[in-house]
Amino acid sequence: MSSEKPKGSRGQDEERLYEPIRKALWKVFSHHYSANKKILMREPIDFGNPHLEITAHGVFSEKLKRAFDDEALSIFSTERVRPDIMGFVWKESPSLKELITVEVKDEPITIVHVSKAKLYQDLFNATFSLLISTQELPEQKLRALLNKDAIRGKVIIARYMESPQRVHAFEINPRLKDSIPEPFKRFCKS
């Protein structure tokens, strides 16, 4: 399975979302893990935790490579499988790292997109596997995912809200709430 990113306008539209989504996710993880450590901060300080980078083009920093095992590194190079954004967060020590994979879409989510995000979750043993789109999950696809839970696994499906006026950058359908881990439960819309 090749995960080459599409050329043309749709691929470029998607690519413009990588950095804003990376930053929004960094804030979510940073605030959550800072709050859990009882550190009071107005804005999180980047001490390298969480670490998120854009990997859509197959470029991985040495820091990111160290977070993944040999099998994952082999998959990166031989299969050319690359989520749009990857990273990790250390909970309390290097032995308690949680891996993160993110697939970004600027189109309605399909079952194939969900399957691809689940593949990344399984291949890289990601604690947090996200599928983020600028568009709401269509009702027909939502029902299919609710009826076939194995397709979704523990993939977090969220809508990215591009408006700078929004306090919360993400929105998650509350019908998917059962499998949403902290720190994403607060994004389940009512």
# chains A, B, ... in the order shown; residues from 1 in each chain; ligands from 1

$ residues_around --residues "Phe124 (chain A)" --least-positions-apart "2" --cutoff "10 Å" --atoms "only C-alpha atoms" --output "PDB file with N, CA and C atoms, in the first residue's frame"
ATOM      1  N   PHE A  68      10.272   5.200  17.785  1.00  0.00           N
ATOM      2  CA  PHE A  68       9.656   4.028  17.177  1.00  0.00           C
ATOM      3  C   PHE A  68      10.617   2.840  17.198  1.00  0.00           C
ATOM      4  N   ASP A  69      10.063   1.646  17.199  1.00  0.00           N
ATOM      5  CA  ASP A  69      10.899   0.449  17.221  1.00  0.00           C
ATOM      6  C   ASP A  69      11.440   0.125  15.822  1.00  0.00           C
ATOM      7  N   GLU A  71      10.893  -2.340  13.836  1.00  0.00           N
ATOM      8  CA  GLU A  71       9.863  -2.772  12.883  1.00  0.00           C
ATOM      9  C   GLU A  71       9.179  -1.561  12.234  1.00  0.00           C
ATOM     10  N   ALA A  72       8.860  -0.574  13.035  1.00  0.00           N
ATOM     11  CA  ALA A  72       8.234   0.645  12.503  1.00  0.00           C
ATOM     12  C   ALA A  72       9.183   1.367  11.554  1.00  0.00           C
ATOM     13  N   LEU A  73      10.446   1.445  11.922  1.00  0.00           N
ATOM     14  CA  LEU A  73      11.431   2.104  11.053  1.00  0.00           C
ATOM     15  C   LEU A  73      11.547   1.383   9.716  1.00  0.00           C
ATOM     16  N   ILE A  75       9.131  -0.301   8.278  1.00  0.00           N
ATOM     17  CA  ILE A  75       7.900   0.011   7.551  1.00  0.00           C
ATOM     18  C   ILE A  75       8.004   1.383   6.883  1.00  0.00           C
ATOM     19  N   PHE A  76       8.575   2.353   7.608  1.00  0.00           N
ATOM     20  CA  PHE A  76       8.761   3.690   7.032  1.00  0.00           C
ATOM     21  C   PHE A  76       9.530   3.609   5.715  1.00  0.00           C
ATOM     22  N   MET A  86       3.086  12.661  12.704  1.00  0.00           N
ATOM     23  CA  MET A  86       3.398  11.609  13.686  1.00  0.00           C
ATOM     24  C   MET A  86       4.108  12.230  14.874  1.00  0.00           C
ATOM     25  N   LEU A  99       2.493   6.826  21.391  1.00  0.00           N
ATOM     26  CA  LEU A  99       2.717   7.223  20.004  1.00  0.00           C
ATOM     27  C   LEU A  99       1.445   7.819  19.412  1.00  0.00           C
ATOM     28  N   ILE A 100       1.651   8.739  18.471  1.00  0.00           N
ATOM     29  CA  ILE A 100       0.553   9.472  17.854  1.00  0.00           C
ATOM     30  C   ILE A 100       0.694   9.399  16.333  1.00  0.00           C
ATOM     31  N   THR A 101      -0.395   9.047  15.646  1.00  0.00           N
ATOM     32  CA  THR A 101      -0.439   9.112  14.183  1.00  0.00           C
ATOM     33  C   THR A 101      -1.674   9.931  13.795  1.00  0.00           C
ATOM     34  N   LYS A 118      -6.746   3.401  10.821  1.00  0.00           N
ATOM     35  CA  LYS A 118      -6.650   2.213  11.691  1.00  0.00           C
ATOM     36  C   LYS A 118      -5.406   1.399  11.347  1.00  0.00           C
ATOM     37  N   LEU A 119      -5.058   1.328  10.074  1.00  0.00           N
ATOM     38  CA  LEU A 119      -3.834   0.644   9.665  1.00  0.00           C
ATOM     39  C   LEU A 119      -2.631   1.298  10.336  1.00  0.00           C
ATOM     40  N   TYR A 120      -2.577   2.629  10.334  1.00  0.00           N
ATOM     41  CA  TYR A 120      -1.480   3.333  10.998  1.00  0.00           C
ATOM     42  C   TYR A 120      -1.469   3.025  12.492  1.00  0.00           C
ATOM     43  N   GLN A 121      -2.649   2.988  13.084  1.00  0.00           N
ATOM     44  CA  GLN A 121      -2.752   2.669  14.513  1.00  0.00           C
ATOM     45  C   GLN A 121      -2.165   1.283  14.780  1.00  0.00           C
ATOM     46  N   ASP A 122      -2.533   0.332  13.956  1.00  0.00           N
ATOM     47  CA  ASP A 122      -2.064  -1.051  14.146  1.00  0.00           C
ATOM     48  C   ASP A 122      -0.580  -1.211  13.825  1.00  0.00           C
ATOM     49  N   ALA A 126       0.019   2.822  17.817  1.00  0.00           N
ATOM     50  CA  ALA A 126      -0.241   4.187  18.286  1.00  0.00           C
ATOM     51  C   ALA A 126      -1.313   4.198  19.363  1.00  0.00           C
ATOM     52  N   THR A 127      -1.040   4.908  20.429  1.00  0.00           N
ATOM     53  CA  THR A 127      -2.030   5.118  21.480  1.00  0.00           C
ATOM     54  C   THR A 127      -3.118   6.060  20.974  1.00  0.00           C
ATOM     55  N   SER A 129      -4.539   7.533  17.483  1.00  0.00           N
ATOM     56  CA  SER A 129      -4.579   7.533  16.026  1.00  0.00           C
ATOM     57  C   SER A 129      -5.765   8.404  15.636  1.00  0.00           C
TER      58      SER A 129
END

$ residues_around --residues "Gln135 (chain A)" --least-positions-apart "2" --cutoff "8 Å" --atoms "only C-alpha atoms" --output "mmCIF file with C-alpha atoms, in the first residue's frame"
data_model
loop_
_atom_site.group_PDB
_atom_site.id
_atom_site.type_symbol
_atom_site.label_atom_id
_atom_site.label_comp_id
_atom_site.auth_asym_id
_atom_site.auth_seq_id
_atom_site.Cartn_x
_atom_site.Cartn_y
_atom_site.Cartn_z
ATOM 1 C CA ASP A 106 -9.819 18.217 3.311
ATOM 2 C CA GLU A 107 -12.812 16.279 2.041
ATOM 3 C CA PRO A 108 -15.653 14.182 3.464
ATOM 4 C CA ILE A 109 -14.379 11.168 5.378
ATOM 5 C CA SER A 133 -11.116 16.361 8.307
ATOM 6 C CA LEU A 137 -18.488 12.930 9.174
ATOM 7 C CA ARG A 159 -13.555 17.714 12.439
ATOM 8 C CA TYR A 160 -11.017 20.532 12.327
#

$ closest_residue --among "A:His32, A:Arg66, A:Arg82, A:Arg22" --to "Leu123 (chain A)" --atoms "only C-alpha atoms"
A:Arg82

$ residues_around --residues "Val89 (chain A)" --least-positions-apart "5" --cutoff "8 Å" --atoms "only C-alpha atoms" --output "list in words"
Phe29, Asn49, Pro50, His51, Lys97, Glu98, Leu99 and Ile100 of chain A

$ write_last_selection --atoms "C-alpha atoms" --output "short mmCIF file (atom, residue, chain, number, x, y, z; two decimals), in the first residue's frame"
data_model
loop_
_atom_site.label_atom_id
_atom_site.label_comp_id
_atom_site.auth_asym_id
_atom_site.auth_seq_id
_atom_site.Cartn_x
_atom_site.Cartn_y
_atom_site.Cartn_z
CA PHE A 29 -1.63 17.24 24.34
CA ASN A 49 6.88 16.86 25.03
CA PRO A 50 4.66 16.35 23.17
CA HIS A 51 6.65 16.00 19.98
CA LYS A 97 5.62 6.96 25.72
CA GLU A 98 2.39 7.16 23.80
CA LEU A 99 2.72 7.22 20.00
CA ILE A 100 0.55 9.47 17.85
#

$ select_by_dssp --residues "region 16-114 of chain A" --states "alpha helix (DSSP H)" --output "VMD selection string"
chain A and resid 16 to 36 62 to 67 70 to 78 111 to 114

$ write_last_selection --atoms "N, CA and C atoms" --output "compact mmCIF listing (two decimals), in the first residue's frame"
# COMPACT_ATOMS: atom_id res chain seq x y z
N ARG A 16 -1.93 22.41 3.27
CA ARG A 16 -2.00 23.69 4.00
C ARG A 16 -2.54 23.49 5.41
N LEU A 17 -3.18 22.35 5.66
CA LEU A 17 -3.76 22.07 6.99
C LEU A 17 -2.76 21.43 7.96
N TYR A 18 -1.68 20.87 7.43
CA TYR A 18 -0.77 20.12 8.29
C TYR A 18 -0.26 20.93 9.47
N GLU A 19 0.28 22.10 9.20
CA GLU A 19 0.88 22.89 10.29
C GLU A 19 -0.15 23.41 11.28
N PRO A 20 -1.29 23.97 10.84
CA PRO A 20 -2.27 24.41 11.84
C PRO A 20 -2.81 23.25 12.69
N ILE A 21 -3.01 22.09 12.09
CA ILE A 21 -3.49 20.93 12.85
C ILE A 21 -2.41 20.44 13.78
N ARG A 22 -1.17 20.41 13.34
CA ARG A 22 -0.06 20.00 14.21
C ARG A 22 -0.01 20.90 15.44
N LYS A 23 -0.11 22.21 15.23
CA LYS A 23 -0.07 23.16 16.35
C LYS A 23 -1.27 22.97 17.29
N ALA A 24 -2.45 22.78 16.73
CA ALA A 24 -3.65 22.59 17.56
C ALA A 24 -3.53 21.31 18.39
N LEU A 25 -3.04 20.24 17.79
CA LEU A 25 -2.85 18.99 18.54
C LEU A 25 -1.78 19.15 19.61
N TRP A 26 -0.72 19.87 19.29
CA TRP A 26 0.33 20.11 20.28
C TRP A 26 -0.26 20.79 21.52
N LYS A 27 -1.13 21.77 21.30
CA LYS A 27 -1.76 22.46 22.43
C LYS A 27 -2.65 21.52 23.24
N VAL A 28 -3.41 20.67 22.55
CA VAL A 28 -4.29 19.73 23.24
C VAL A 28 -3.47 18.80 24.14
N PHE A 29 -2.44 18.17 23.57
CA PHE A 29 -1.63 17.24 24.34
C PHE A 29 -0.85 17.96 25.44
N SER A 30 -0.30 19.11 25.12
CA SER A 30 0.50 19.85 26.08
C SER A 30 -0.33 20.29 27.28
N HIS A 31 -1.50 20.86 27.02
CA HIS A 31 -2.37 21.29 28.12
C HIS A 31 -2.81 20.09 28.95
N HIS A 32 -3.18 19.00 28.30
CA HIS A 32 -3.66 17.83 29.03
C HIS A 32 -2.58 17.27 29.95
N TYR A 33 -1.39 17.07 29.42
CA TYR A 33 -0.34 16.47 30.24
C TYR A 33 0.20 17.45 31.27
N SER A 34 0.17 18.74 30.99
CA SER A 34 0.56 19.73 31.99
C SER A 34 -0.45 19.76 33.13
N ALA A 35 -1.73 19.71 32.79
CA ALA A 35 -2.79 19.74 33.80
C ALA A 35 -2.71 18.50 34.69
N ASN A 36 -2.39 17.36 34.10
CA ASN A 36 -2.29 16.13 34.88
C ASN A 36 -1.11 16.16 35.84
N GLU A 62 15.51 12.54 13.67
CA GLU A 62 16.15 11.50 14.47
C GLU A 62 15.39 11.32 15.79
N LYS A 63 14.89 12.40 16.34
CA LYS A 63 14.13 12.33 17.58
C LYS A 63 12.89 11.45 17.40
N LEU A 64 12.20 11.61 16.28
CA LEU A 64 11.02 10.80 16.02
C LEU A 64 11.42 9.34 15.77
N LYS A 65 12.47 9.12 15.02
CA LYS A 65 12.93 7.75 14.75
C LYS A 65 13.24 7.00 16.04
N ARG A 66 13.83 7.69 17.02
CA ARG A 66 14.17 7.05 18.31
C ARG A 66 12.93 6.60 19.07
N ALA A 67 11.79 7.22 18.82
CA ALA A 67 10.56 6.88 19.53
C ALA A 67 9.92 5.60 19.01
N ASP A 70 12.31 -0.89 15.76
CA ASP A 70 12.95 -1.26 14.48
C ASP A 70 11.93 -1.66 13.42
N GLU A 71 10.89 -2.34 13.84
CA GLU A 71 9.86 -2.77 12.88
C GLU A 71 9.18 -1.56 12.23
N ALA A 72 8.86 -0.57 13.04
CA ALA A 72 8.23 0.64 12.50
C ALA A 72 9.18 1.37 11.55
N LEU A 73 10.45 1.45 11.92
CA LEU A 73 11.43 2.10 11.05
C LEU A 73 11.55 1.38 9.72
N SER A 74 11.47 0.07 9.75
CA SER A 74 11.51 -0.72 8.52
C SER A 74 10.28 -0.42 7.65
N ILE A 75 9.13 -0.30 8.28
CA ILE A 75 7.90 0.01 7.55
C ILE A 75 8.00 1.38 6.88
N PHE A 76 8.57 2.35 7.61
CA PHE A 76 8.76 3.69 7.03
C PHE A 76 9.53 3.61 5.72
N SER A 77 10.64 2.85 5.73
CA SER A 77 11.52 2.85 4.56
C SER A 77 11.09 1.88 3.47
N THR A 78 10.63 0.69 3.81
CA THR A 78 10.31 -0.29 2.78
C THR A 78 8.91 -0.15 2.20
N ILE A 111 -14.95 5.47 4.40
CA ILE A 111 -14.57 4.26 5.14
C ILE A 111 -13.11 3.90 4.85
N VAL A 112 -12.66 4.14 3.63
CA VAL A 112 -11.26 3.88 3.28
C VAL A 112 -10.32 4.76 4.11
N HIS A 113 -10.68 6.02 4.32
CA HIS A 113 -9.87 6.90 5.16
C HIS A 113 -9.77 6.35 6.58
N VAL A 114 -10.90 5.89 7.12
CA VAL A 114 -10.92 5.33 8.47
C VAL A 114 -10.05 4.08 8.53

$ atom_distance --atom1 "CA of Ala150 (chain A)" --atom2 "CA of Ala56 (chain A)"
25.7 Å

$ closest_residue --among "A:Pro138, A:Phe187, A:Asp178, A:Ala144" --to "Ala158 (chain A)" --atoms "only C-alpha atoms"
A:Phe187

$ atom_distance --atom1 "CA of Phe184 (chain A)" --atom2 "CA of Gln12 (chain A)"
27.3 Å

$ closest_residue --among "A:Glu182, A:Glu139, A:Ala117, A:Glu171" --to "Gly153 (chain A)" --atoms "only C-alpha atoms"
A:Ala117

$ closest_residue --among "A:Met161, A:Leu145, A:Val102, A:Val81" --to "Leu52 (chain A)" --atoms "only C-alpha atoms"
A:Val102

$ decode --residues "region 33-172 of chain A" --atoms "C-alpha atoms" --output "PDB file, in the first residue's frame"
ATOM      1  CA  TYR A  33      -0.341  16.470  30.240  1.00  0.00           C
ATOM      2  CA  SER A  34       0.565  19.733  31.990  1.00  0.00           C
ATOM      3  CA  ALA A  35      -2.790  19.737  33.802  1.00  0.00           C
ATOM      4  CA  ASN A  36      -2.286  16.132  34.881  1.00  0.00           C
ATOM      5  CA  LYS A  37       1.048  17.060  36.424  1.00  0.00           C
ATOM      6  CA  LYS A  38      -0.626  19.911  38.334  1.00  0.00           C
ATOM      7  CA  ILE A  39       1.556  22.466  36.569  1.00  0.00           C
ATOM      8  CA  LEU A  40      -0.295  25.732  36.239  1.00  0.00           C
ATOM      9  CA  MET A  41       0.578  27.472  33.002  1.00  0.00           C
ATOM     10  CA  ARG A  42      -1.267  29.981  30.884  1.00  0.00           C
ATOM     11  CA  GLU A  43       0.429  28.729  27.687  1.00  0.00           C
ATOM     12  CA  PRO A  44       2.265  25.416  27.484  1.00  0.00           C
ATOM     13  CA  ILE A  45       6.031  25.563  27.153  1.00  0.00           C
ATOM     14  CA  ASP A  46       7.630  23.283  24.560  1.00  0.00           C
ATOM     15  CA  PHE A  47      10.145  21.061  26.342  1.00  0.00           C
ATOM     16  CA  GLY A  48       9.893  18.539  23.515  1.00  0.00           C
ATOM     17  CA  ASN A  49       6.880  16.864  25.030  1.00  0.00           C
ATOM     18  CA  PRO A  50       4.660  16.354  23.166  1.00  0.00           C
ATOM     19  CA  HIS A  51       6.650  16.005  19.979  1.00  0.00           C
ATOM     20  CA  LEU A  52       4.701  16.214  16.709  1.00  0.00           C
ATOM     21  CA  GLU A  53       6.072  16.609  13.213  1.00  0.00           C
ATOM     22  CA  ILE A  54       4.746  16.630   9.677  1.00  0.00           C
ATOM     23  CA  THR A  55       5.750  13.332   8.055  1.00  0.00           C
ATOM     24  CA  ALA A  56       3.581  13.291   4.924  1.00  0.00           C
ATOM     25  CA  HIS A  57       6.629  13.581   2.657  1.00  0.00           C
ATOM     26  CA  GLY A  58       8.609  10.809   4.324  1.00  0.00           C
ATOM     27  CA  VAL A  59      11.004  12.999   6.302  1.00  0.00           C
ATOM     28  CA  PHE A  60      11.431  11.904   9.923  1.00  0.00           C
ATOM     29  CA  SER A  61      13.693  13.569  12.479  1.00  0.00           C
ATOM     30  CA  GLU A  62      16.151  11.498  14.473  1.00  0.00           C
ATOM     31  CA  LYS A  63      14.125  12.326  17.584  1.00  0.00           C
ATOM     32  CA  LEU A  64      11.019  10.795  16.017  1.00  0.00           C
ATOM     33  CA  LYS A  65      12.926   7.748  14.750  1.00  0.00           C
ATOM     34  CA  ARG A  66      14.168   7.046  18.307  1.00  0.00           C
ATOM     35  CA  ALA A  67      10.561   6.882  19.530  1.00  0.00           C
ATOM     36  CA  PHE A  68       9.656   4.028  17.177  1.00  0.00           C
ATOM     37  CA  ASP A  69      10.899   0.449  17.221  1.00  0.00           C
ATOM     38  CA  ASP A  70      12.947  -1.264  14.484  1.00  0.00           C
ATOM     39  CA  GLU A  71       9.863  -2.772  12.883  1.00  0.00           C
ATOM     40  CA  ALA A  72       8.234   0.645  12.503  1.00  0.00           C
ATOM     41  CA  LEU A  73      11.431   2.104  11.053  1.00  0.00           C
ATOM     42  CA  SER A  74      11.510  -0.719   8.517  1.00  0.00           C
ATOM     43  CA  ILE A  75       7.900   0.011   7.551  1.00  0.00           C
ATOM     44  CA  PHE A  76       8.761   3.690   7.032  1.00  0.00           C
ATOM     45  CA  SER A  77      11.519   2.847   4.562  1.00  0.00           C
ATOM     46  CA  THR A  78      10.312  -0.294   2.777  1.00  0.00           C
ATOM     47  CA  GLU A  79       6.563   0.240   2.582  1.00  0.00           C
ATOM     48  CA  ARG A  80       6.663   4.036   2.362  1.00  0.00           C
ATOM     49  CA  VAL A  81       3.776   4.184   4.804  1.00  0.00           C
ATOM     50  CA  ARG A  82       3.604   7.630   6.314  1.00  0.00           C
ATOM     51  CA  PRO A  83       0.821   9.332   8.171  1.00  0.00           C
ATOM     52  CA  ASP A  84       0.582  13.081   7.614  1.00  0.00           C
ATOM     53  CA  ILE A  85       1.652  13.855  11.180  1.00  0.00           C
ATOM     54  CA  MET A  86       3.398  11.609  13.686  1.00  0.00           C
ATOM     55  CA  GLY A  87       4.758  12.030  17.136  1.00  0.00           C
ATOM     56  CA  PHE A  88       4.732  10.956  20.729  1.00  0.00           C
ATOM     57  CA  VAL A  89       4.161  12.156  24.245  1.00  0.00           C
ATOM     58  CA  TRP A  90       6.005  10.925  27.335  1.00  0.00           C
ATOM     59  CA  LYS A  91       3.568  10.394  30.180  1.00  0.00           C
ATOM     60  CA  GLU A  92       6.096  10.392  33.007  1.00  0.00           C
ATOM     61  CA  SER A  93       9.188   8.632  31.758  1.00  0.00           C
ATOM     62  CA  PRO A  94      10.667   7.379  28.461  1.00  0.00           C
ATOM     63  CA  SER A  95       9.230   3.935  29.163  1.00  0.00           C
ATOM     64  CA  LEU A  96       5.709   5.385  29.172  1.00  0.00           C
ATOM     65  CA  LYS A  97       5.617   6.956  25.718  1.00  0.00           C
ATOM     66  CA  GLU A  98       2.390   7.155  23.797  1.00  0.00           C
ATOM     67  CA  LEU A  99       2.717   7.223  20.004  1.00  0.00           C
ATOM     68  CA  ILE A 100       0.553   9.472  17.854  1.00  0.00           C
ATOM     69  CA  THR A 101      -0.439   9.112  14.183  1.00  0.00           C
ATOM     70  CA  VAL A 102      -2.609  11.614  12.322  1.00  0.00           C
ATOM     71  CA  GLU A 103      -4.206  11.432   8.896  1.00  0.00           C
ATOM     72  CA  VAL A 104      -5.539  14.759   7.548  1.00  0.00           C
ATOM     73  CA  LYS A 105      -8.309  15.170   4.959  1.00  0.00           C
ATOM     74  CA  ASP A 106      -9.819  18.217   3.311  1.00  0.00           C
ATOM     75  CA  GLU A 107     -12.812  16.279   2.041  1.00  0.00           C
ATOM     76  CA  PRO A 108     -15.653  14.182   3.464  1.00  0.00           C
ATOM     77  CA  ILE A 109     -14.379  11.168   5.378  1.00  0.00           C
ATOM     78  CA  THR A 110     -14.800   7.769   3.741  1.00  0.00           C
ATOM     79  CA  ILE A 111     -14.573   4.261   5.143  1.00  0.00           C
ATOM     80  CA  VAL A 112     -11.260   3.880   3.277  1.00  0.00           C
ATOM     81  CA  HIS A 113      -9.871   6.902   5.165  1.00  0.00           C
ATOM     82  CA  VAL A 114     -10.919   5.331   8.474  1.00  0.00           C
ATOM     83  CA  SER A 115      -9.351   2.008   7.470  1.00  0.00           C
ATOM     84  CA  LYS A 116      -6.103   3.761   6.580  1.00  0.00           C
ATOM     85  CA  ALA A 117      -6.000   5.547   9.954  1.00  0.00           C
ATOM     86  CA  LYS A 118      -6.650   2.213  11.691  1.00  0.00           C
ATOM     87  CA  LEU A 119      -3.834   0.644   9.665  1.00  0.00           C
ATOM     88  CA  TYR A 120      -1.480   3.333  10.998  1.00  0.00           C
ATOM     89  CA  GLN A 121      -2.752   2.669  14.513  1.00  0.00           C
ATOM     90  CA  ASP A 122      -2.064  -1.051  14.146  1.00  0.00           C
ATOM     91  CA  LEU A 123       1.272  -0.798  12.304  1.00  0.00           C
ATOM     92  CA  PHE A 124       2.793   1.720  14.684  1.00  0.00           C
ATOM     93  CA  ASN A 125       0.997   0.617  17.857  1.00  0.00           C
ATOM     94  CA  ALA A 126      -0.241   4.187  18.286  1.00  0.00           C
ATOM     95  CA  THR A 127      -2.030   5.118  21.480  1.00  0.00           C
ATOM     96  CA  PHE A 128      -3.617   8.050  19.661  1.00  0.00           C
ATOM     97  CA  SER A 129      -4.579   7.533  16.026  1.00  0.00           C
ATOM     98  CA  LEU A 130      -6.510  10.443  14.613  1.00  0.00           C
ATOM     99  CA  LEU A 131      -8.383  11.040  11.383  1.00  0.00           C
ATOM    100  CA  ILE A 132      -9.047  14.754  11.045  1.00  0.00           C
ATOM    101  CA  SER A 133     -11.116  16.361   8.307  1.00  0.00           C
ATOM    102  CA  THR A 134     -12.341  19.882   7.665  1.00  0.00           C
ATOM    103  CA  GLN A 135     -15.758  18.398   6.977  1.00  0.00           C
ATOM    104  CA  GLU A 136     -18.260  16.719   9.243  1.00  0.00           C
ATOM    105  CA  LEU A 137     -18.488  12.930   9.174  1.00  0.00           C
ATOM    106  CA  PRO A 138     -21.429  12.111   6.854  1.00  0.00           C
ATOM    107  CA  GLU A 139     -24.368  10.427   8.615  1.00  0.00           C
ATOM    108  CA  GLN A 140     -24.282   7.343   6.380  1.00  0.00           C
ATOM    109  CA  LYS A 141     -20.576   6.770   7.140  1.00  0.00           C
ATOM    110  CA  LEU A 142     -21.157   7.392  10.852  1.00  0.00           C
ATOM    111  CA  ARG A 143     -23.865   4.719  10.972  1.00  0.00           C
ATOM    112  CA  ALA A 144     -21.656   2.251   9.112  1.00  0.00           C
ATOM    113  CA  LEU A 145     -18.824   2.861  11.590  1.00  0.00           C
ATOM    114  CA  LEU A 146     -21.137   2.461  14.562  1.00  0.00           C
ATOM    115  CA  ASN A 147     -22.442  -0.845  13.166  1.00  0.00           C
ATOM    116  CA  LYS A 148     -18.970  -2.160  12.221  1.00  0.00           C
ATOM    117  CA  ASP A 149     -16.871  -1.087  15.189  1.00  0.00           C
ATOM    118  CA  ALA A 150     -13.927  -3.219  14.009  1.00  0.00           C
ATOM    119  CA  ILE A 151     -13.401  -0.898  11.028  1.00  0.00           C
ATOM    120  CA  ARG A 152     -12.762   2.092  13.278  1.00  0.00           C
ATOM    121  CA  GLY A 153     -10.924   0.407  16.111  1.00  0.00           C
ATOM    122  CA  LYS A 154      -9.874   3.231  18.435  1.00  0.00           C
ATOM    123  CA  VAL A 155      -9.344   5.821  15.716  1.00  0.00           C
ATOM    124  CA  ILE A 156     -10.395   9.282  16.867  1.00  0.00           C
ATOM    125  CA  ILE A 157     -12.411  10.909  14.078  1.00  0.00           C
ATOM    126  CA  ALA A 158     -12.576  14.673  14.421  1.00  0.00           C
ATOM    127  CA  ARG A 159     -13.555  17.714  12.439  1.00  0.00           C
ATOM    128  CA  TYR A 160     -11.017  20.532  12.327  1.00  0.00           C
ATOM    129  CA  MET A 161     -12.528  23.975  12.662  1.00  0.00           C
ATOM    130  CA  GLU A 162     -10.392  26.494  10.779  1.00  0.00           C
ATOM    131  CA  SER A 163     -12.008  29.641  12.213  1.00  0.00           C
ATOM    132  CA  PRO A 164      -9.591  31.620  14.417  1.00  0.00           C
ATOM    133  CA  GLN A 165     -12.542  32.729  16.595  1.00  0.00           C
ATOM    134  CA  ARG A 166     -13.216  29.191  17.818  1.00  0.00           C
ATOM    135  CA  VAL A 167     -11.969  28.276  21.264  1.00  0.00           C
ATOM    136  CA  HIS A 168     -11.894  24.579  20.403  1.00  0.00           C
ATOM    137  CA  ALA A 169     -10.185  23.635  17.149  1.00  0.00           C
ATOM    138  CA  PHE A 170     -11.788  20.190  16.996  1.00  0.00           C
ATOM    139  CA  GLU A 171     -15.283  18.754  17.081  1.00  0.00           C
ATOM    140  CA  ILE A 172     -16.122  15.071  17.609  1.00  0.00           C
TER     141      ILE A 172
END
